[in-house]
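A.B. asks: This is target.tsv, which holds TSV, C-alpha atoms and all ligand atoms:
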chain	number	residue	atom	x	y	z
S	1	MET	CA	-43.15	-33.48	-8.58
S	2	MET	CA	-46.89	-33.11	-8.73
S	3	LEU	CA	-48.84	-31.31	-11.40
S	4	ILE	CA	-52.61	-31.05	-11.60
S	5	ASP	CA	-54.36	-30.53	-14.92
S	6	THR	CA	-57.38	-28.56	-13.71
S	7	HIS	CA	-59.21	-28.68	-17.05
S	8	CYS	CA	-58.73	-31.43	-19.61
S	9	HIS	CA	-61.20	-33.38	-21.70
S	10	LEU	CA	-60.13	-36.94	-21.10
S	11	ASN	CA	-63.84	-37.58	-21.78
S	12	ASP	CA	-63.34	-36.52	-25.41
S	13	PRO	CA	-63.95	-39.32	-27.92
S	14	ALA	CA	-60.42	-38.57	-29.20
S	15	PHE	CA	-59.06	-40.24	-26.03
S	16	GLU	CA	-61.41	-43.20	-25.99
S	17	LYS	CA	-58.86	-45.75	-27.17
S	18	THR	CA	-55.70	-44.04	-25.93
S	19	LEU	CA	-56.68	-43.01	-22.39
S	20	PRO	CA	-54.41	-45.39	-20.41
S	21	ALA	CA	-51.40	-44.45	-22.58
S	22	VAL	CA	-52.22	-40.73	-22.34
S	23	MET	CA	-52.46	-40.97	-18.57
S	24	ALA	CA	-49.22	-42.97	-18.33
S	25	ARG	CA	-47.39	-40.34	-20.41
S	26	ALA	CA	-48.80	-37.64	-18.10
S	27	ALA	CA	-47.76	-39.53	-14.95
S	28	ASN	CA	-44.25	-39.88	-16.39
S	29	VAL	CA	-43.80	-36.12	-16.32
S	30	GLY	CA	-45.49	-35.64	-12.94
S	31	VAL	CA	-49.15	-35.02	-13.81
S	32	HIS	CA	-51.04	-37.08	-11.26
S	33	ARG	CA	-54.48	-35.46	-10.99
S	34	PHE	CA	-56.94	-34.48	-13.69
S	35	ILE	CA	-60.18	-32.53	-13.53
S	36	VAL	CA	-62.37	-33.51	-16.46
S	37	PRO	CA	-65.36	-31.29	-17.28
S	38	ALA	CA	-68.44	-32.52	-19.13
S	39	TYR	CA	-69.57	-30.26	-21.95
S	40	ASP	CA	-72.90	-31.53	-23.34
S	41	ARG	CA	-75.70	-33.80	-22.13
S	42	GLU	CA	-74.26	-36.80	-23.83
S	43	SER	CA	-70.86	-36.38	-22.15
S	44	LEU	CA	-72.34	-36.28	-18.61
S	45	GLY	CA	-72.58	-40.06	-18.21
S	46	ARG	CA	-69.05	-40.94	-19.27
S	47	THR	CA	-67.61	-38.00	-17.35
S	48	ALA	CA	-69.34	-39.16	-14.16
S	49	GLU	CA	-67.91	-42.67	-14.66
S	50	LEU	CA	-64.26	-41.63	-15.03
S	51	PRO	CA	-63.64	-41.04	-11.29
S	52	PHE	CA	-64.80	-44.60	-10.64
S	53	SER	CA	-62.42	-46.00	-13.26
S	54	PHE	CA	-59.51	-43.86	-11.97
S	55	PRO	CA	-60.25	-43.19	-8.29
S	56	GLY	CA	-58.24	-40.41	-6.70
S	57	VAL	CA	-56.73	-39.54	-10.09
S	58	ILE	CA	-59.59	-38.28	-12.28
S	59	PHE	CA	-62.13	-35.88	-10.79
S	60	SER	CA	-65.26	-34.80	-12.64
S	61	ALA	CA	-66.89	-31.46	-13.28
S	62	LEU	CA	-70.49	-31.76	-14.41
S	63	GLY	CA	-72.33	-29.09	-16.36
S	64	ILE	CA	-73.17	-27.86	-19.86
S	65	HIS	CA	-70.78	-25.77	-21.98
S	66	PRO	CA	-72.26	-22.57	-23.48
S	67	TRP	CA	-71.77	-24.00	-26.99
S	68	HIS	CA	-74.16	-26.83	-26.16
S	69	VAL	CA	-77.03	-25.25	-24.24
S	70	ASP	CA	-80.56	-25.00	-25.60
S	71	GLU	CA	-84.05	-24.01	-24.48
S	72	LYS	CA	-85.18	-27.55	-23.83
S	73	MET	CA	-82.21	-28.53	-21.75
S	74	GLY	CA	-84.10	-30.46	-19.06
S	75	TYR	CA	-82.23	-28.71	-16.27
S	76	ALA	CA	-84.11	-30.44	-13.46
S	77	GLU	CA	-83.09	-33.79	-14.87
S	78	ILE	CA	-79.44	-32.70	-15.19
S	79	LEU	CA	-79.40	-31.44	-11.60
S	80	SER	CA	-80.84	-34.72	-10.40
S	81	PHE	CA	-78.11	-36.57	-12.34
S	82	ILE	CA	-75.48	-34.35	-10.70
S	83	ARG	CA	-76.91	-35.04	-7.24
S	84	ARG	CA	-76.65	-38.77	-7.89
S	85	HIS	CA	-73.05	-38.51	-9.20
S	86	PRO	CA	-71.45	-35.90	-6.94
S	87	PRO	CA	-68.74	-34.08	-8.93
S	88	THR	CA	-65.73	-32.08	-7.79
S	89	ALA	CA	-67.02	-28.97	-9.59
S	90	ILE	CA	-69.85	-27.64	-11.71
S	91	GLY	CA	-68.93	-27.03	-15.34
S	92	GLU	CA	-67.91	-26.37	-17.73
S	93	THR	CA	-70.37	-23.53	-17.90
S	94	GLY	CA	-69.89	-19.95	-19.01
S	95	LEU	CA	-70.53	-17.51	-21.83
S	96	ASP	CA	-69.23	-17.31	-25.37
S	97	PHE	CA	-70.27	-14.22	-27.32
S	98	SER	CA	-68.24	-15.07	-30.42
S	99	PRO	CA	-70.44	-14.35	-33.45
S	100	GLU	CA	-71.04	-18.00	-34.34
S	101	CYS	CA	-72.30	-18.87	-30.86
S	102	LEU	CA	-75.82	-19.34	-29.48
S	103	PRO	CA	-78.08	-16.41	-28.52
S	104	ARG	CA	-76.86	-14.61	-25.42
S	105	GLU	CA	-80.12	-14.93	-23.50
S	106	ILE	CA	-80.04	-18.72	-23.66
S	107	GLN	CA	-76.42	-18.82	-22.53
S	108	ILE	CA	-77.01	-16.39	-19.67
S	109	LYS	CA	-79.99	-18.37	-18.38
S	110	SER	CA	-77.99	-21.57	-18.46
S	111	LEU	CA	-75.01	-20.00	-16.69
S	112	ILE	CA	-77.17	-18.56	-13.91
S	113	ARG	CA	-78.89	-21.91	-13.45
S	114	GLN	CA	-75.55	-23.70	-13.14
S	115	LEU	CA	-74.17	-21.08	-10.73
S	116	GLU	CA	-77.24	-21.72	-8.57
S	117	TRP	CA	-76.40	-25.43	-8.55
S	118	ALA	CA	-72.84	-24.63	-7.49
S	119	GLY	CA	-74.20	-22.46	-4.65
S	120	GLU	CA	-76.69	-25.10	-3.56
S	121	LEU	CA	-74.19	-27.96	-3.66
S	122	GLY	CA	-71.31	-25.90	-2.25
S	123	LEU	CA	-69.09	-26.65	-5.27
S	124	PRO	CA	-66.62	-24.52	-7.25
S	125	VAL	CA	-67.27	-23.84	-10.96
S	126	THR	CA	-65.05	-24.11	-14.02
S	127	ILE	CA	-65.94	-21.31	-16.42
S	128	HIS	CA	-65.42	-20.89	-20.16
S	129	CYS	CA	-65.61	-17.26	-21.28
S	130	ARG	CA	-64.95	-15.63	-24.64
S	131	LYS	CA	-65.76	-12.03	-25.49
S	132	ALA	CA	-68.20	-11.85	-22.56
S	133	TYR	CA	-66.10	-10.93	-19.54
S	134	ASP	CA	-68.12	-7.81	-18.60
S	135	VAL	CA	-71.40	-9.69	-18.58
S	136	LEU	CA	-69.83	-12.65	-16.78
S	137	TYR	CA	-68.38	-10.35	-14.13
S	138	GLN	CA	-71.75	-8.72	-13.48
S	139	ILE	CA	-73.47	-12.11	-13.17
S	140	LEU	CA	-70.85	-13.39	-10.72
S	141	LEU	CA	-71.04	-10.14	-8.77
S	142	ASP	CA	-74.82	-10.56	-8.52
S	143	GLN	CA	-74.21	-13.92	-6.84
S	144	GLY	CA	-72.88	-11.91	-3.91
S	145	GLY	CA	-69.46	-13.51	-3.66
S	146	LYS	CA	-70.96	-16.94	-2.92
S	147	ILE	CA	-69.43	-18.65	-5.95
S	148	ARG	CA	-65.78	-19.68	-6.23
S	149	GLY	CA	-64.02	-21.27	-9.12
S	150	ALA	CA	-61.64	-21.11	-12.05
S	151	LEU	CA	-61.72	-18.99	-15.17
S	152	HIS	CA	-60.45	-21.59	-17.55
S	153	SER	CA	-57.88	-20.49	-20.15
S	154	PHE	CA	-58.51	-16.86	-19.21
S	155	SER	CA	-58.23	-14.58	-22.24
S	156	GLY	CA	-59.33	-11.22	-20.84
S	157	SER	CA	-57.36	-8.10	-19.99
S	158	LYS	CA	-55.17	-7.65	-16.92
S	159	GLU	CA	-57.69	-5.18	-15.46
S	160	MET	CA	-60.50	-7.68	-15.90
S	161	MET	CA	-58.37	-10.44	-14.41
S	162	PHE	CA	-57.91	-8.47	-11.20
S	163	LYS	CA	-61.65	-7.85	-10.92
S	164	PHE	CA	-62.27	-11.61	-10.97
S	165	ILE	CA	-59.43	-12.18	-8.51
S	166	GLU	CA	-61.06	-9.68	-6.15
S	167	LEU	CA	-64.28	-11.67	-6.44
S	168	GLY	CA	-62.31	-14.70	-5.23
S	169	PHE	CA	-61.74	-16.45	-8.55
S	170	HIS	CA	-58.70	-18.37	-9.73
S	171	ILE	CA	-57.09	-17.79	-13.13
S	172	ALA	CA	-56.23	-20.90	-15.13
S	173	PHE	CA	-53.47	-20.75	-17.75
S	174	SER	CA	-53.41	-23.16	-20.69
S	175	GLY	CA	-51.16	-23.71	-23.71
S	176	SER	CA	-52.12	-20.23	-24.92
S	177	VAL	CA	-49.55	-18.72	-22.55
S	178	THR	CA	-46.74	-20.79	-24.11
S	179	ARG	CA	-47.04	-19.10	-27.50
S	180	LYS	CA	-44.24	-16.65	-28.25
S	181	THR	CA	-46.63	-14.01	-29.56
S	182	ALA	CA	-49.17	-14.24	-26.73
S	183	GLY	CA	-48.23	-10.93	-25.09
S	184	LYS	CA	-51.52	-10.47	-23.24
S	185	TYR	CA	-51.29	-13.93	-21.66
S	186	HIS	CA	-47.66	-13.32	-20.68
S	187	LYS	CA	-48.62	-10.09	-18.90
S	188	ASN	CA	-51.43	-11.83	-17.05
S	189	ALA	CA	-49.16	-14.71	-16.00
S	190	GLN	CA	-46.65	-12.17	-14.72
S	191	ALA	CA	-49.19	-10.10	-12.78
S	192	ALA	CA	-51.54	-12.67	-11.26
S	193	PRO	CA	-50.97	-13.43	-7.58
S	194	LEU	CA	-49.25	-16.81	-7.33
S	195	GLU	CA	-51.89	-18.13	-4.92
S	196	ARG	CA	-54.58	-17.69	-7.58
S	197	ILE	CA	-52.87	-19.36	-10.56
S	198	LEU	CA	-53.95	-22.76	-11.87
S	199	LEU	CA	-52.56	-24.82	-14.74
S	200	GLU	CA	-54.51	-26.71	-17.39
S	201	THR	CA	-54.26	-27.99	-20.95
S	202	ASP	CA	-57.92	-28.14	-22.09
S	203	ALA	CA	-56.67	-31.15	-24.08
S	204	PRO	CA	-57.30	-31.73	-26.92
S	205	SER	CA	-58.46	-28.17	-27.73
S	206	ILE	CA	-55.68	-25.60	-27.18
S	207	ALA	CA	-52.32	-25.63	-28.98
S	208	THR	CA	-49.02	-24.98	-27.23
S	209	GLU	CA	-45.95	-23.39	-28.82
S	210	THR	CA	-44.70	-26.85	-29.80
S	211	THR	CA	-47.86	-28.88	-30.37
S	212	VAL	CA	-51.04	-28.49	-32.43
S	213	ALA	CA	-54.31	-28.57	-30.49
S	214	ALA	CA	-55.46	-32.00	-31.64
S	215	GLU	CA	-52.25	-33.55	-30.32
S	216	VAL	CA	-52.24	-31.82	-26.96
S	217	GLU	CA	-52.41	-34.14	-23.95
S	218	PRO	CA	-52.21	-33.41	-20.21
S	219	ARG	CA	-48.43	-34.07	-20.33
S	220	HIS	CA	-48.07	-30.77	-22.22
S	221	ILE	CA	-48.96	-28.94	-19.00
S	222	VAL	CA	-45.21	-29.07	-18.32
S	223	GLU	CA	-44.74	-26.47	-21.08
S	224	VAL	CA	-47.34	-24.24	-19.42
S	225	ALA	CA	-45.59	-24.54	-16.04
S	226	GLN	CA	-42.16	-23.90	-17.59
S	227	LYS	CA	-43.38	-20.82	-19.42
S	228	ILE	CA	-44.97	-19.28	-16.33
S	229	ALA	CA	-41.87	-20.05	-14.27
S	230	GLU	CA	-39.74	-18.32	-16.94
S	231	ILE	CA	-42.06	-15.29	-17.12
S	232	ARG	CA	-42.07	-14.87	-13.33
S	233	GLY	CA	-38.39	-15.68	-12.86
S	234	ILE	CA	-39.05	-18.46	-10.35
S	235	SER	CA	-38.29	-22.16	-10.47
S	236	PHE	CA	-40.32	-24.77	-12.30
S	237	GLU	CA	-40.61	-26.67	-9.00
S	238	GLU	CA	-42.12	-23.69	-7.26
S	239	ILE	CA	-44.75	-23.19	-9.97
S	240	CYS	CA	-45.67	-26.87	-9.81
S	241	GLU	CA	-45.89	-26.88	-6.05
S	242	ARG	CA	-47.84	-23.66	-5.65
S	243	THR	CA	-50.33	-24.23	-8.45
S	244	SER	CA	-51.03	-27.77	-7.24
S	245	GLU	CA	-51.61	-26.44	-3.75
S	246	ASN	CA	-54.06	-23.90	-5.23
S	247	ALA	CA	-55.89	-26.61	-7.18
S	248	ARG	CA	-56.15	-28.85	-4.13
S	249	ARG	CA	-57.53	-26.04	-2.03
S	250	LEU	CA	-60.07	-24.80	-4.59
S	251	PHE	CA	-61.35	-28.20	-5.69
S	252	ALA	CA	-60.90	-29.93	-2.29
S	253	LEU	CA	-58.68	-32.62	-3.83
S	254	PRO	CA	-56.83	-35.19	-1.71
Q	301	ZN	ZN	-62.97	-27.22	-21.84
How does the structure come out when it is put into structure tokens?

C.D. replies:
Amino acid sequence: MMLIDTHCHLNDPAFEKTLPAVMARAANVGVHRFIVPAYDRESLGRTAELPFSFPGVIFSALGIHPWHVDEKMGYAEILSFIRRHPPTAIGETGLDFSPECLPREIQIKSLIRQLEWAGELGLPVTIHCRKAYDVLYQILLDQGGKIRGALHSFSGSKEMMFKFIELGFHIAFSGSVTRKTAGKYHKNAQAAPLERILLETDAPSIATETTVAAEVEPRHIVEVAQKIAEIRGISFEEICERTSENARRLFALP
């Protein structure tokens, strides 16, 4: 059995002391690959180091989360860091138009900049999006189909999901889909083409039906896989196999 957590924050200070145990618990239930996205400037360095500490097991995504962008980002410097520490993906980048978030213009500029990096470096992107799917779609469309990647913990409508799938994107399901009341997520998990589904936990940020967010680890991806298998009426093994194949193809993993 092989599961791939395509978006988990093993770079989070919460895992600093527990990382080997967390990874052992994940391996015990079949999670053998992890893609770990940076989120702010400060996290870039330790994220870039993880693949050296866990070669062939942890893969990095390097970029700046929309919650952490600002006008004086020093983008040239970040790009030069990325060139020196080649990641598996760019991210996490994206847009978050929740009311408490940063001004839209700053976020949009940062997203476009990071999509350009992905284009230049020939890398996929991992994208965070909340309440901004229309704007995100337009920006990705403007890139002319050059950019591929994952919409991490997708929370949009089924119609929107299919627009991103047509653009070539993958849809990543997290613990959100495991919640009994998450009707929208269940519908998306039922309707998405199997060859475009990815699994993730976003640990330690998204709760599952059984576990509060702060306690979520990559091993909880099993719940996500089980739920999607149940929704689609196929076996757990098939979900594991197909989603891992998708992750390997998109992120060029061994
Ligand atoms: Zn994340």

A.B. asks: Using CA of Glu71 (chain S) and CA of Glu42 (chain S) as the two end points, give the distance in Å to one decimal.

C.D. replies: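 The value is 16.1 Å.
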
A.B. asks: Once you count all atoms listed in the file, which residues end up within 8 Å of ligand ZN 301 (chain Q), and could you hand them over as a count of residues only?

C.D. replies: 12

A.B. asks: Out of S:Ala76, S:Ile4, S:Ile35, S:Ile171, which residue has the shortest atom-to-atom distance to Gly156 (chain S) when counting all atoms listed in the file?

C.D. replies: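 Using all atoms listed in the file, Gly156 (chain S) sits closest to S:Ile171.
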
A.B. asks: Find, counting only C-alpha atoms, the residue in S:Met1, S:Thr93, S:Gly122, S:Phe34 that gets nearest to Pro55 (chain S).

C.D. replies: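 Of S:Met1, S:Thr93, S:Gly122, S:Phe34, the one nearest Pro55 (chain S), counting only C-alpha atoms, is S:Phe34.
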
A.B. asks: Would you pick out the contacts of Leu136 (chain S) at 12 Å or less, using only C-alpha atoms, so that residues sharing its chain but fewer than 6 positions from it are not included, and give the list as a list in words?

C.D. replies: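 My reading of the contact set: Thr93, Gly94, Leu95, Asp96, Phe97, Arg104, Gln107, Ile108, Lys109, Leu111, Ile112, Leu115, Ile127, His128, Cys129, Arg130, Asp142, Gln143, Leu151, Gly156, Met160, Met161, Lys163, Phe164 and Leu167 of chain S.
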
A.B. asks: Could you list, as a list in words, every residue within 6 Å of Asp40 (chain S), counting all atoms listed in the file and ignoring same-chain residues fewer than 2 positions away?

C.D. replies: Glu42, Ser43, Ile64 and His68 of chain S

A.B. asks: Write out as JSON, numbers by chain each polymer residue whose atoms come within 9 Å of Leu253 (chain S), counting all atoms listed in the file; drop sequence neighbours fewer than 5 positions from it.

C.D. replies: {"S": [33, 56, 59, 88, 247, 248]}

A.B. asks: Could you tell me how far CA of His170 (chain S) sits from CA of Thr126 (chain S), in Å to one decimal place?

C.D. replies: 9.6 Å

A.B. asks: In Å, rounded to a single decimal, give me how far CA of Glu215 (chain S) is from CA of Asn188 (chain S).

C.D. replies: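 Value for the CA of Asn188 (chain S)-CA of Glu215 (chain S) distance: 25.5 Å.
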
A.B. asks: From the list S:Thr181, S:Ser155, S:Thr201, S:Thr47, which residue is nearest Pro218 (chain S) when using all atoms listed in the file?

C.D. replies: S:Thr201

A.B. asks: Could you list, as a PyMOL selection string, every residue within 9 Å of region 220-224 of chain S, counting all atoms listed in the file and ignoring same-chain residues fewer than 3 positions away?

C.D. replies: chain S and resi 3-5+26+29-31+173-178+199-201+203+208-211+216-217+227-229+236+240

A.B. asks: Give me, as a PyMOL selection string, all polymer residues having an atom no more than 12 Å from Ala21 (chain S), counting all atoms listed in the file and skipping those fewer than 4 positions away in the same chain.

C.D. replies: chain S and resi 10+15-17+25-28+217-219

A.B. asks: Write the residues of the preceding selection, restricted to C-alpha atoms, as a PDB file, keeping the file's coordinate frame.

C.D. replies:
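The new file again_31.pdb reads:
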ATOM      1  CA  LEU S  10     -60.130 -36.940 -21.100  1.00  0.00           C
ATOM      2  CA  PHE S  15     -59.060 -40.240 -26.030  1.00  0.00           C
ATOM      3  CA  GLU S  16     -61.410 -43.200 -25.990  1.00  0.00           C
ATOM      4  CA  LYS S  17     -58.860 -45.750 -27.170  1.00  0.00           C
ATOM      5  CA  ARG S  25     -47.390 -40.340 -20.410  1.00  0.00           C
ATOM      6  CA  ALA S  26     -48.800 -37.640 -18.100  1.00  0.00           C
ATOM      7  CA  ALA S  27     -47.760 -39.530 -14.950  1.00  0.00           C
ATOM      8  CA  ASN S  28     -44.250 -39.880 -16.390  1.00  0.00           C
ATOM      9  CA  GLU S 217     -52.410 -34.140 -23.950  1.00  0.00           C
ATOM     10  CA  PRO S 218     -52.210 -33.410 -20.210  1.00  0.00           C
ATOM     11  CA  ARG S 219     -48.430 -34.070 -20.330  1.00  0.00           C
TER      12      ARG S 219
END

A.B. asks: Please determine, counting all atoms listed in the file, which residue among S:Gly45, S:Gly149, S:Pro193, S:Gly144 has the shortest atom-to-atom distance to Ile239 (chain S).

C.D. replies: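 Under the stated criterion, the closest residue is S:Pro193.
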
A.B. asks: Dump as a PyMOL selection string all residues having an atom at most 12 Å from (-77.2, -34.7, -6.0), computed in the file's coordinates with all atoms listed in the file.

C.D. replies: chain S and resi 62+76-88+90+117-118+120-123
